[in-house]
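Novice: Have a peek at data22.cif (mmCIF, N, CA and C atoms and all ligand atoms; chains and numbers go by the auth columns).
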```
data_start
loop_
_atom_site.group_PDB
_atom_site.id
_atom_site.type_symbol
_atom_site.label_atom_id
_atom_site.label_comp_id
_atom_site.label_asym_id
_atom_site.label_seq_id
_atom_site.Cartn_x
_atom_site.Cartn_y
_atom_site.Cartn_z
_atom_site.B_iso_or_equiv
_atom_site.auth_seq_id
_atom_site.auth_asym_id
ATOM 1 N N MET A 1 12.536 -0.504 10.676 0.00 1 Z
ATOM 2 C CA MET A 1 11.211 -0.797 10.134 0.00 1 Z
ATOM 3 C C MET A 1 10.878 -2.270 10.345 0.00 1 Z
ATOM 4 N N ILE A 2 9.693 -2.502 10.831 0.00 2 Z
ATOM 5 C CA ILE A 2 9.264 -3.864 11.128 0.00 2 Z
ATOM 6 C C ILE A 2 9.244 -4.731 9.873 0.00 2 Z
ATOM 7 N N TYR A 3 8.798 -4.133 8.754 0.00 3 Z
ATOM 8 C CA TYR A 3 8.543 -4.970 7.591 0.00 3 Z
ATOM 9 C C TYR A 3 9.790 -5.423 6.852 0.00 3 Z
ATOM 10 N N ASN A 4 10.965 -4.905 7.225 0.00 4 Z
ATOM 11 C CA ASN A 4 12.190 -5.316 6.541 0.00 4 Z
ATOM 12 C C ASN A 4 12.479 -6.803 6.717 0.00 4 Z
ATOM 13 N N HIS A 5 12.077 -7.360 7.848 0.00 5 Z
ATOM 14 C CA HIS A 5 12.374 -8.780 8.072 0.00 5 Z
ATOM 15 C C HIS A 5 11.532 -9.663 7.174 0.00 5 Z
ATOM 16 N N LEU A 6 10.571 -9.063 6.494 0.00 6 Z
ATOM 17 C CA LEU A 6 9.724 -9.849 5.596 0.00 6 Z
ATOM 18 C C LEU A 6 10.316 -9.924 4.187 0.00 6 Z
ATOM 19 N N ASP A 7 11.401 -9.213 3.957 0.00 7 Z
ATOM 20 C CA ASP A 7 12.029 -9.227 2.634 0.00 7 Z
ATOM 21 C C ASP A 7 12.333 -10.650 2.200 0.00 7 Z
ATOM 22 N N GLY A 8 12.099 -10.906 0.916 0.00 8 Z
ATOM 23 C CA GLY A 8 12.400 -12.222 0.388 0.00 8 Z
ATOM 24 C C GLY A 8 11.208 -13.158 0.458 0.00 8 Z
ATOM 25 N N GLN A 9 10.194 -12.741 1.200 0.00 9 Z
ATOM 26 C CA GLN A 9 8.983 -13.548 1.251 0.00 9 Z
ATOM 27 C C GLN A 9 7.899 -12.848 0.455 0.00 9 Z
ATOM 28 N N THR A 10 6.887 -13.590 0.101 0.00 10 Z
ATOM 29 C CA THR A 10 5.767 -12.986 -0.597 0.00 10 Z
ATOM 30 C C THR A 10 4.860 -12.319 0.422 0.00 10 Z
ATOM 31 N N VAL A 11 4.825 -11.015 0.364 0.00 11 Z
ATOM 32 C CA VAL A 11 3.984 -10.256 1.282 0.00 11 Z
ATOM 33 C C VAL A 11 2.960 -9.507 0.444 0.00 11 Z
ATOM 34 N N THR A 12 1.705 -9.672 0.765 0.00 12 Z
ATOM 35 C CA THR A 12 0.662 -9.002 0.000 0.00 12 Z
ATOM 36 C C THR A 12 0.617 -7.524 0.357 0.00 12 Z
ATOM 37 N N ILE A 13 0.042 -6.735 -0.536 0.00 13 Z
ATOM 38 C CA ILE A 13 -0.055 -5.302 -0.288 0.00 13 Z
ATOM 39 C C ILE A 13 -0.882 -4.999 0.967 0.00 13 Z
ATOM 40 N N PRO A 14 -2.023 -5.671 1.186 0.00 14 Z
ATOM 41 C CA PRO A 14 -2.741 -5.409 2.452 0.00 14 Z
ATOM 42 C C PRO A 14 -1.889 -5.680 3.680 0.00 14 Z
ATOM 43 N N GLU A 15 -1.077 -6.719 3.636 0.00 15 Z
ATOM 44 C CA GLU A 15 -0.196 -7.018 4.776 0.00 15 Z
ATOM 45 C C GLU A 15 0.836 -5.909 4.968 0.00 15 Z
ATOM 46 N N LYS A 16 1.389 -5.424 3.847 0.00 16 Z
ATOM 47 C CA LYS A 16 2.377 -4.342 3.926 0.00 16 Z
ATOM 48 C C LYS A 16 1.763 -3.093 4.538 0.00 16 Z
ATOM 49 N N ILE A 17 0.551 -2.748 4.084 0.00 17 Z
ATOM 50 C CA ILE A 17 -0.113 -1.555 4.583 0.00 17 Z
ATOM 51 C C ILE A 17 -0.439 -1.708 6.062 0.00 17 Z
ATOM 52 N N PHE A 18 -0.907 -2.873 6.446 0.00 18 Z
ATOM 53 C CA PHE A 18 -1.224 -3.168 7.836 0.00 18 Z
ATOM 54 C C PHE A 18 0.004 -2.924 8.726 0.00 18 Z
ATOM 55 N N VAL A 19 1.120 -3.511 8.340 0.00 19 Z
ATOM 56 C CA VAL A 19 2.349 -3.390 9.136 0.00 19 Z
ATOM 57 C C VAL A 19 2.858 -1.944 9.120 0.00 19 Z
ATOM 58 N N PHE A 20 2.733 -1.291 7.973 0.00 20 Z
ATOM 59 C CA PHE A 20 3.184 0.101 7.831 0.00 20 Z
ATOM 60 C C PHE A 20 2.443 1.004 8.815 0.00 20 Z
ATOM 61 N N LEU A 21 1.138 0.787 8.939 0.00 21 Z
ATOM 62 C CA LEU A 21 0.329 1.604 9.843 0.00 21 Z
ATOM 63 C C LEU A 21 0.682 1.338 11.304 0.00 21 Z
ATOM 64 N N ILE A 22 0.914 0.080 11.634 0.00 22 Z
ATOM 65 C CA ILE A 22 1.318 -0.274 12.998 0.00 22 Z
ATOM 66 C C ILE A 22 2.670 0.378 13.298 0.00 22 Z
ATOM 67 N N ASP A 23 3.538 0.341 12.310 0.00 23 Z
ATOM 68 C CA ASP A 23 4.878 0.891 12.446 0.00 23 Z
ATOM 69 C C ASP A 23 4.841 2.392 12.706 0.00 23 Z
ATOM 70 N N HIS A 24 3.831 3.069 12.168 0.00 24 Z
ATOM 71 C CA HIS A 24 3.737 4.525 12.291 0.00 24 Z
ATOM 72 C C HIS A 24 2.719 4.967 13.343 0.00 24 Z
ATOM 73 N N LYS A 25 2.187 4.022 14.078 0.00 25 Z
ATOM 74 C CA LYS A 25 1.247 4.338 15.132 0.00 25 Z
ATOM 75 C C LYS A 25 1.819 5.385 16.070 0.00 25 Z
ATOM 76 N N PRO A 26 1.087 6.416 16.477 0.00 26 Z
ATOM 77 C CA PRO A 26 -0.314 6.721 16.177 0.00 26 Z
ATOM 78 C C PRO A 26 -0.460 7.799 15.093 0.00 26 Z
ATOM 79 N N ASP A 27 0.524 7.924 14.208 0.00 27 Z
ATOM 80 C CA ASP A 27 0.469 8.962 13.179 0.00 27 Z
ATOM 81 C C ASP A 27 -0.678 8.725 12.204 0.00 27 Z
ATOM 82 N N CYS A 28 -1.302 9.832 11.765 0.00 28 Z
ATOM 83 C CA CYS A 28 -2.339 9.762 10.741 0.00 28 Z
ATOM 84 C C CYS A 28 -1.675 9.900 9.374 0.00 28 Z
ATOM 85 N N LEU A 29 -1.951 8.971 8.483 0.00 29 Z
ATOM 86 C CA LEU A 29 -1.328 8.980 7.159 0.00 29 Z
ATOM 87 C C LEU A 29 -2.386 8.939 6.065 0.00 29 Z
ATOM 88 N N CYS A 30 -2.150 9.693 4.995 0.00 30 Z
ATOM 89 C CA CYS A 30 -3.062 9.650 3.857 0.00 30 Z
ATOM 90 C C CYS A 30 -2.622 8.546 2.897 0.00 30 Z
ATOM 91 N N ASP A 31 -3.478 8.253 1.930 0.00 31 Z
ATOM 92 C CA ASP A 31 -3.169 7.191 0.967 0.00 31 Z
ATOM 93 C C ASP A 31 -1.884 7.485 0.196 0.00 31 Z
ATOM 94 N N ASP A 32 -1.663 8.767 -0.130 0.00 32 Z
ATOM 95 C CA ASP A 32 -0.462 9.138 -0.885 0.00 32 Z
ATOM 96 C C ASP A 32 0.809 8.780 -0.122 0.00 32 Z
ATOM 97 N N CYS A 33 0.810 9.066 1.181 0.00 33 Z
ATOM 98 C CA CYS A 33 2.004 8.802 1.981 0.00 33 Z
ATOM 99 C C CYS A 33 2.224 7.296 2.165 0.00 33 Z
ATOM 100 N N ILE A 34 1.139 6.556 2.271 0.00 34 Z
ATOM 101 C CA ILE A 34 1.261 5.102 2.381 0.00 34 Z
ATOM 102 C C ILE A 34 1.827 4.546 1.077 0.00 34 Z
ATOM 103 N N GLN A 35 1.323 5.063 -0.035 0.00 35 Z
ATOM 104 C CA GLN A 35 1.810 4.624 -1.346 0.00 35 Z
ATOM 105 C C GLN A 35 3.304 4.898 -1.491 0.00 35 Z
ATOM 106 N N LYS A 36 3.724 6.123 -1.130 0.00 36 Z
ATOM 107 C CA LYS A 36 5.139 6.493 -1.238 0.00 36 Z
ATOM 108 C C LYS A 36 5.987 5.696 -0.259 0.00 36 Z
ATOM 109 N N GLY A 37 5.478 5.550 0.960 0.00 37 Z
ATOM 110 C CA GLY A 37 6.227 4.854 2.005 0.00 37 Z
ATOM 111 C C GLY A 37 6.499 3.405 1.668 0.00 37 Z
ATOM 112 N N LEU A 38 5.585 2.802 0.915 0.00 38 Z
ATOM 113 C CA LEU A 38 5.736 1.383 0.566 0.00 38 Z
ATOM 114 C C LEU A 38 6.197 1.200 -0.874 0.00 38 Z
ATOM 115 N N SER A 39 6.454 2.318 -1.576 0.00 39 Z
ATOM 116 C CA SER A 39 6.895 2.274 -2.975 0.00 39 Z
ATOM 117 C C SER A 39 5.927 1.473 -3.852 0.00 39 Z
ATOM 118 N N LEU A 40 4.644 1.707 -3.637 0.00 40 Z
ATOM 119 C CA LEU A 40 3.647 1.038 -4.468 0.00 40 Z
ATOM 120 C C LEU A 40 3.462 1.842 -5.747 0.00 40 Z
ATOM 121 N N LYS A 41 3.204 1.135 -6.838 0.00 41 Z
ATOM 122 C CA LYS A 41 3.130 1.795 -8.139 0.00 41 Z
ATOM 123 C C LYS A 41 1.881 2.649 -8.287 0.00 41 Z
ATOM 124 N N ARG A 42 0.772 2.148 -7.794 0.00 42 Z
ATOM 125 C CA ARG A 42 -0.473 2.846 -8.058 0.00 42 Z
ATOM 126 C C ARG A 42 -1.230 3.183 -6.780 0.00 42 Z
ATOM 127 N N ARG A 43 -1.741 4.435 -6.733 0.00 43 Z
ATOM 128 C CA ARG A 43 -2.513 4.867 -5.576 0.00 43 Z
ATOM 129 C C ARG A 43 -3.817 4.063 -5.494 0.00 43 Z
ATOM 130 N N GLN A 44 -4.308 3.616 -6.653 0.00 44 Z
ATOM 131 C CA GLN A 44 -5.557 2.839 -6.676 0.00 44 Z
ATOM 132 C C GLN A 44 -5.417 1.521 -5.924 0.00 44 Z
ATOM 133 N N GLU A 45 -4.176 1.078 -5.720 0.00 45 Z
ATOM 134 C CA GLU A 45 -3.964 -0.141 -4.948 0.00 45 Z
ATOM 135 C C GLU A 45 -4.163 0.120 -3.460 0.00 45 Z
ATOM 136 N N VAL A 46 -3.952 1.371 -3.058 0.00 46 Z
ATOM 137 C CA VAL A 46 -3.966 1.707 -1.638 0.00 46 Z
ATOM 138 C C VAL A 46 -5.375 2.000 -1.131 0.00 46 Z
ATOM 139 N N ALA A 47 -6.134 2.795 -1.891 0.00 47 Z
ATOM 140 C CA ALA A 47 -7.429 3.293 -1.415 0.00 47 Z
ATOM 141 C C ALA A 47 -8.407 2.194 -0.969 0.00 47 Z
ATOM 142 N N PRO A 48 -8.633 1.144 -1.782 0.00 48 Z
ATOM 143 C CA PRO A 48 -9.599 0.133 -1.323 0.00 48 Z
ATOM 144 C C PRO A 48 -9.142 -0.596 -0.070 0.00 48 Z
ATOM 145 N N ILE A 49 -7.841 -0.678 0.117 0.00 49 Z
ATOM 146 C CA ILE A 49 -7.312 -1.394 1.287 0.00 49 Z
ATOM 147 C C ILE A 49 -7.441 -0.537 2.542 0.00 49 Z
ATOM 148 N N THR A 50 -7.098 0.752 2.425 0.00 50 Z
ATOM 149 C CA THR A 50 -7.221 1.611 3.607 0.00 50 Z
ATOM 150 C C THR A 50 -8.686 1.765 3.997 0.00 50 Z
ATOM 151 N N LYS A 51 -9.558 1.740 2.990 0.00 51 Z
ATOM 152 C CA LYS A 51 -10.987 1.834 3.278 0.00 51 Z
ATOM 153 C C LYS A 51 -11.436 0.643 4.124 0.00 51 Z
ATOM 154 N N THR A 52 -10.968 -0.534 3.760 0.00 52 Z
ATOM 155 C CA THR A 52 -11.323 -1.752 4.498 0.00 52 Z
ATOM 156 C C THR A 52 -10.652 -1.788 5.867 0.00 52 Z
ATOM 157 N N VAL A 53 -9.351 -1.494 5.883 0.00 53 Z
ATOM 158 C CA VAL A 53 -8.607 -1.540 7.145 0.00 53 Z
ATOM 159 C C VAL A 53 -9.157 -0.498 8.123 0.00 53 Z
ATOM 160 N N GLY A 54 -9.608 0.640 7.580 0.00 54 Z
ATOM 161 C CA GLY A 54 -10.152 1.707 8.419 0.00 54 Z
ATOM 162 C C GLY A 54 -11.409 1.306 9.166 0.00 54 Z
ATOM 163 N N LEU A 55 -12.064 0.271 8.682 0.00 55 Z
ATOM 164 C CA LEU A 55 -13.274 -0.218 9.341 0.00 55 Z
ATOM 165 C C LEU A 55 -12.957 -1.305 10.361 0.00 55 Z
ATOM 166 N N SER A 56 -11.693 -1.742 10.388 0.00 56 Z
ATOM 167 C CA SER A 56 -11.295 -2.828 11.276 0.00 56 Z
ATOM 168 C C SER A 56 -11.039 -2.312 12.684 0.00 56 Z
ATOM 169 N N ALA A 57 -11.190 -3.212 13.642 0.00 57 Z
ATOM 170 C CA ALA A 57 -10.858 -2.885 15.019 0.00 57 Z
ATOM 171 C C ALA A 57 -9.367 -2.564 15.096 0.00 57 Z
ATOM 172 N N GLY A 58 -9.024 -1.510 15.812 0.00 58 Z
ATOM 173 C CA GLY A 58 -7.619 -1.158 15.958 0.00 58 Z
ATOM 174 C C GLY A 58 -7.155 -0.094 14.992 0.00 58 Z
ATOM 175 N N PHE A 59 -8.060 0.287 14.054 0.00 59 Z
ATOM 176 C CA PHE A 59 -7.721 1.324 13.091 0.00 59 Z
ATOM 177 C C PHE A 59 -8.870 2.319 12.966 0.00 59 Z
ATOM 178 N N ALA A 60 -8.551 3.531 12.584 0.00 60 Z
ATOM 179 C CA ALA A 60 -9.577 4.535 12.342 0.00 60 Z
ATOM 180 C C ALA A 60 -9.214 5.320 11.096 0.00 60 Z
ATOM 181 N N ARG A 61 -10.206 5.619 10.256 0.00 61 Z
ATOM 182 C CA ARG A 61 -9.974 6.396 9.040 0.00 61 Z
ATOM 183 C C ARG A 61 -11.003 7.519 9.004 0.00 61 Z
ATOM 184 N N ASN A 62 -10.525 8.727 9.123 0.00 62 Z
ATOM 185 C CA ASN A 62 -11.402 9.887 9.191 0.00 62 Z
ATOM 186 C C ASN A 62 -10.790 11.055 8.432 0.00 62 Z
ATOM 187 N N PRO A 63 -11.615 12.062 8.083 0.00 63 Z
ATOM 188 C CA PRO A 63 -11.048 13.271 7.488 0.00 63 Z
ATOM 189 C C PRO A 63 -10.160 13.964 8.513 0.00 63 Z
ATOM 190 N N GLY A 64 -8.998 14.426 8.067 0.00 64 Z
ATOM 191 C CA GLY A 64 -8.083 15.080 8.994 0.00 64 Z
ATOM 192 C C GLY A 64 -6.828 15.529 8.279 0.00 64 Z
ATOM 193 N N ALA A 65 -5.802 15.845 9.059 0.00 65 Z
ATOM 194 C CA ALA A 65 -4.545 16.310 8.492 0.00 65 Z
ATOM 195 C C ALA A 65 -3.526 15.183 8.508 0.00 65 Z
ATOM 196 N N CYS A 66 -2.837 15.004 7.394 0.00 66 Z
ATOM 197 C CA CYS A 66 -1.791 13.993 7.310 0.00 66 Z
ATOM 198 C C CYS A 66 -0.590 14.420 8.146 0.00 66 Z
ATOM 199 N N VAL A 67 0.059 13.460 8.778 0.00 67 Z
ATOM 200 C CA VAL A 67 1.173 13.756 9.682 0.00 67 Z
ATOM 201 C C VAL A 67 2.337 14.437 8.966 0.00 67 Z
ATOM 202 N N SER A 68 2.483 14.183 7.662 0.00 68 Z
ATOM 203 C CA SER A 68 3.629 14.742 6.949 0.00 68 Z
ATOM 204 C C SER A 68 3.396 16.189 6.526 0.00 68 Z
ATOM 205 N N SER A 69 2.181 16.719 6.740 0.00 69 Z
ATOM 206 C CA SER A 69 1.867 18.134 6.483 0.00 69 Z
ATOM 207 C C SER A 69 2.222 18.579 5.078 0.00 69 Z
ATOM 208 N N HIS A 70 2.097 17.696 4.093 0.00 70 Z
ATOM 209 C CA HIS A 70 2.400 18.088 2.718 0.00 70 Z
ATOM 210 C C HIS A 70 1.255 18.859 2.099 0.00 70 Z
ATOM 211 N N SER A 71 0.116 18.842 2.796 0.00 71 Z
ATOM 212 C CA SER A 71 -1.049 19.527 2.268 0.00 71 Z
ATOM 213 C C SER A 71 -1.864 20.082 3.418 0.00 71 Z
ATOM 214 N N SER A 72 -2.368 21.299 3.257 0.00 72 Z
ATOM 215 C CA SER A 72 -3.206 21.884 4.301 0.00 72 Z
ATOM 216 C C SER A 72 -4.652 21.436 4.124 0.00 72 Z
ATOM 217 N N ARG A 73 -4.897 20.775 2.988 0.00 73 Z
ATOM 218 C CA ARG A 73 -6.225 20.294 2.661 0.00 73 Z
ATOM 219 C C ARG A 73 -6.596 19.134 3.585 0.00 73 Z
ATOM 220 N N THR A 74 -7.828 19.131 4.044 0.00 74 Z
ATOM 221 C CA THR A 74 -8.296 17.992 4.840 0.00 74 Z
ATOM 222 C C THR A 74 -8.569 16.820 3.911 0.00 74 Z
ATOM 223 N N LYS A 75 -8.026 15.669 4.257 0.00 75 Z
ATOM 224 C CA LYS A 75 -8.258 14.478 3.447 0.00 75 Z
ATOM 225 C C LYS A 75 -8.433 13.291 4.362 0.00 75 Z
ATOM 226 N N LEU A 76 -8.823 12.167 3.794 0.00 76 Z
ATOM 227 C CA LEU A 76 -8.984 10.973 4.618 0.00 76 Z
ATOM 228 C C LEU A 76 -7.625 10.459 5.054 0.00 76 Z
ATOM 229 N N VAL A 77 -7.471 10.324 6.343 0.00 77 Z
ATOM 230 C CA VAL A 77 -6.212 9.797 6.879 0.00 77 Z
ATOM 231 C C VAL A 77 -6.540 8.611 7.793 0.00 77 Z
ATOM 232 N N ILE A 78 -5.628 7.675 7.834 0.00 78 Z
ATOM 233 C CA ILE A 78 -5.839 6.453 8.623 0.00 78 Z
ATOM 234 C C ILE A 78 -4.722 6.305 9.657 0.00 78 Z
ATOM 235 N N HIS A 79 -5.076 5.770 10.806 0.00 79 Z
ATOM 236 C CA HIS A 79 -4.049 5.523 11.815 0.00 79 Z
ATOM 237 C C HIS A 79 -4.425 4.317 12.658 0.00 79 Z
ATOM 238 N N ALA A 80 -3.386 3.690 13.208 0.00 80 Z
ATOM 239 C CA ALA A 80 -3.588 2.592 14.151 0.00 80 Z
ATOM 240 C C ALA A 80 -3.898 3.200 15.505 0.00 80 Z
ATOM 241 N N ILE A 81 -4.843 2.592 16.212 0.00 81 Z
ATOM 242 C CA ILE A 81 -5.256 3.109 17.507 0.00 81 Z
ATOM 243 C C ILE A 81 -4.408 2.467 18.604 0.00 81 Z
HETATM 244 ZN ZN ZN B . 0.127 12.300 3.463 0.00 101 Z
#
```
Could I get this file's structure written as structure tokens?
Specialist:
Amino acid sequence: MIYNHLDGQTVTIPEKIFVFLIDHKPDCLCDDCIQKGLSLKRRQEVAPITKTVGLSAGFARNPGACVSSHSSRTKLVIHAI
């Protein structure tokens, strides 16, 4: 994992999510999987960040299926392009 080398430094949650998505490129991930993958306490911390990152160049956030297939329900998933 790319982000392990950042251990011991202060890394903001947006930075963690950014690196996590790059690390999983080109997989589509939902907010729940990002939250679990980064061991974040609250899902509410993830949603506003993925919403912003999804509008950035190099990322896309659209309704679709999460790569982990934990749900057949279509939900917003984000991936690095
Ligand atoms: Zn998921």
Novice: Kindly give the distance, in Å, that separates atom C of Ala57 (chain Z) and atom N of Glu15 (chain Z), rounded to a single decimal.
Specialist: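 Going from atom C of Ala57 (chain Z) over to atom N of Glu15 (chain Z), I get 14.7 Å.
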Novice: Could you make a table, as JSON lines, of the residues of chain Z that have an atom within 5 Å of an atom of ligand ZN 101 (chain Z), each with its nearest atom pair and distance in Å to one decimal, counting all atoms listed in the file, in chain and number order?
Specialist:
```
{"residue": "Z:Leu29", "atom": "C", "partner": "Z:ZN101", "partner_atom": "ZN", "distance": 4.9}
{"residue": "Z:Cys30", "atom": "N", "partner": "Z:ZN101", "partner_atom": "ZN", "distance": 3.8}
{"residue": "Z:Cys33", "atom": "N", "partner": "Z:ZN101", "partner_atom": "ZN", "distance": 4.0}
{"residue": "Z:Cys66", "atom": "CA", "partner": "Z:ZN101", "partner_atom": "ZN", "distance": 4.6}
```
Novice: What are the nearest atom pairs, with distances in Å to one decimal, for all residues of region 2-64 of chain Z that come at most 12 Å from region 71-79 of chain Z, using only C-alpha atoms, set out by chain and rising residue number as a tab-separated table?
Specialist:
```
residue	atom	partner	partner_atom	distance
Z:Ile17	CA	Z:Ile78	CA	10.6
Z:Phe18	CA	Z:His79	CA	10.0
Z:Val19	CA	Z:His79	CA	11.3
Z:Phe20	CA	Z:His79	CA	9.9
Z:Leu21	CA	Z:His79	CA	6.2
Z:Ile22	CA	Z:His79	CA	8.0
Z:Asp23	CA	Z:His79	CA	10.1
Z:His24	CA	Z:His79	CA	7.9
Z:Lys25	CA	Z:His79	CA	6.4
Z:Pro26	CA	Z:His79	CA	5.9
Z:Asp27	CA	Z:His79	CA	5.8
Z:Cys28	CA	Z:His79	CA	4.7
Z:Leu29	CA	Z:Val77	CA	5.0
Z:Cys30	CA	Z:Val77	CA	4.4
Z:Asp31	CA	Z:Val77	CA	7.1
Z:Asp32	CA	Z:Val77	CA	9.7
Z:Cys33	CA	Z:Val77	CA	9.6
Z:Ile34	CA	Z:Ile78	CA	9.5
Z:Val46	CA	Z:Ile78	CA	11.5
Z:Ala47	CA	Z:Leu76	CA	9.9
Z:Ile49	CA	Z:Ile78	CA	10.8
Z:Thr50	CA	Z:Ile78	CA	7.1
Z:Lys51	CA	Z:Ile78	CA	8.7
Z:Thr52	CA	Z:Ile78	CA	10.7
Z:Val53	CA	Z:Ile78	CA	8.6
Z:Gly54	CA	Z:Ile78	CA	6.4
Z:Leu55	CA	Z:Ile78	CA	10.0
Z:Ser56	CA	Z:His79	CA	11.1
Z:Ala57	CA	Z:His79	CA	11.3
Z:Gly58	CA	Z:His79	CA	8.6
Z:Phe59	CA	Z:His79	CA	5.7
Z:Ala60	CA	Z:Ile78	CA	5.6
Z:Arg61	CA	Z:Ile78	CA	4.2
Z:Asn62	CA	Z:Leu76	CA	5.3
Z:Pro63	CA	Z:Leu76	CA	4.2
Z:Gly64	CA	Z:Thr74	CA	5.1
```
Novice: Using DSSP secondary structure from the backbone, list all alpha helix (DSSP H) positions within chain Z, as JSON, numbers by chain.
Specialist: {"Z": [13, 14, 15, 16, 17, 18, 19, 20, 21, 22, 23, 31, 32, 33, 34, 35, 36, 37, 47, 48, 49, 50, 51, 52, 53]}
Novice: Looking only at the backbone, which of the residues in chain Z does DSSP tag as strand (DSSP E or B), as a list in words?
Specialist: Leu29, Cys30, Phe59, Ala60, Arg61, Asn62, Pro63, Gly64, Lys75, Leu76, Val77, Ile78, His79 and Ala80 of chain Z
Novice: Restricted to N, CA and C atoms, what would the selected residues look like written as a PDB file, in the coordinates of the input?
Specialist:
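Output contents, as saved in again-v5.pdb:
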```pdb
ATOM      1  N   LEU Z  29      -1.951   8.971   8.483  1.00  0.00           N
ATOM      2  CA  LEU Z  29      -1.328   8.980   7.159  1.00  0.00           C
ATOM      3  C   LEU Z  29      -2.386   8.939   6.065  1.00  0.00           C
ATOM      4  N   CYS Z  30      -2.150   9.693   4.995  1.00  0.00           N
ATOM      5  CA  CYS Z  30      -3.062   9.650   3.857  1.00  0.00           C
ATOM      6  C   CYS Z  30      -2.622   8.546   2.897  1.00  0.00           C
ATOM      7  N   PHE Z  59      -8.060   0.287  14.054  1.00  0.00           N
ATOM      8  CA  PHE Z  59      -7.721   1.324  13.091  1.00  0.00           C
ATOM      9  C   PHE Z  59      -8.870   2.319  12.966  1.00  0.00           C
ATOM     10  N   ALA Z  60      -8.551   3.531  12.584  1.00  0.00           N
ATOM     11  CA  ALA Z  60      -9.577   4.535  12.342  1.00  0.00           C
ATOM     12  C   ALA Z  60      -9.214   5.320  11.096  1.00  0.00           C
ATOM     13  N   ARG Z  61     -10.206   5.619  10.256  1.00  0.00           N
ATOM     14  CA  ARG Z  61      -9.974   6.396   9.040  1.00  0.00           C
ATOM     15  C   ARG Z  61     -11.003   7.519   9.004  1.00  0.00           C
ATOM     16  N   ASN Z  62     -10.525   8.727   9.123  1.00  0.00           N
ATOM     17  CA  ASN Z  62     -11.402   9.887   9.191  1.00  0.00           C
ATOM     18  C   ASN Z  62     -10.790  11.055   8.432  1.00  0.00           C
ATOM     19  N   PRO Z  63     -11.615  12.062   8.083  1.00  0.00           N
ATOM     20  CA  PRO Z  63     -11.048  13.271   7.488  1.00  0.00           C
ATOM     21  C   PRO Z  63     -10.160  13.964   8.513  1.00  0.00           C
ATOM     22  N   GLY Z  64      -8.998  14.426   8.067  1.00  0.00           N
ATOM     23  CA  GLY Z  64      -8.083  15.080   8.994  1.00  0.00           C
ATOM     24  C   GLY Z  64      -6.828  15.529   8.279  1.00  0.00           C
ATOM     25  N   LYS Z  75      -8.026  15.669   4.257  1.00  0.00           N
ATOM     26  CA  LYS Z  75      -8.258  14.478   3.447  1.00  0.00           C
ATOM     27  C   LYS Z  75      -8.433  13.291   4.362  1.00  0.00           C
ATOM     28  N   LEU Z  76      -8.823  12.167   3.794  1.00  0.00           N
ATOM     29  CA  LEU Z  76      -8.984  10.973   4.618  1.00  0.00           C
ATOM     30  C   LEU Z  76      -7.625  10.459   5.054  1.00  0.00           C
ATOM     31  N   VAL Z  77      -7.471  10.324   6.343  1.00  0.00           N
ATOM     32  CA  VAL Z  77      -6.212   9.797   6.879  1.00  0.00           C
ATOM     33  C   VAL Z  77      -6.540   8.611   7.793  1.00  0.00           C
ATOM     34  N   ILE Z  78      -5.628   7.675   7.834  1.00  0.00           N
ATOM     35  CA  ILE Z  78      -5.839   6.453   8.623  1.00  0.00           C
ATOM     36  C   ILE Z  78      -4.722   6.305   9.657  1.00  0.00           C
ATOM     37  N   HIS Z  79      -5.076   5.770  10.806  1.00  0.00           N
ATOM     38  CA  HIS Z  79      -4.049   5.523  11.815  1.00  0.00           C
ATOM     39  C   HIS Z  79      -4.425   4.317  12.658  1.00  0.00           C
ATOM     40  N   ALA Z  80      -3.386   3.690  13.208  1.00  0.00           N
ATOM     41  CA  ALA Z  80      -3.588   2.592  14.151  1.00  0.00           C
ATOM     42  C   ALA Z  80      -3.898   3.200  15.505  1.00  0.00           C
TER      43      ALA Z  80
END
```
Novice: Could you jot down the atom C of Ser69 (chain Z) to atom N of Thr12 (chain Z) separation for me, Å, one decimal place?
Specialist: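 Going from atom C of Ser69 (chain Z) over to atom N of Thr12 (chain Z) covers 28.6 Å.
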Novice: In Å, with one decimal, what is the gap from atom C of Lys16 (chain Z) to atom C of Ala80 (chain Z)?
Specialist: 13.9 Å
Novice: Report, as JSON, the axis-aligned box around all atoms of region 50-67 of chain Z present in the file, extended by 3 Å on each side; give centre and edge lengths in Å to one decimal place.
Specialist:
```
{"center_x": -5.5, "center_y": 6.5, "center_z": 9.2, "size_x": 21.6, "size_y": 25.5, "size_z": 19.5}
```
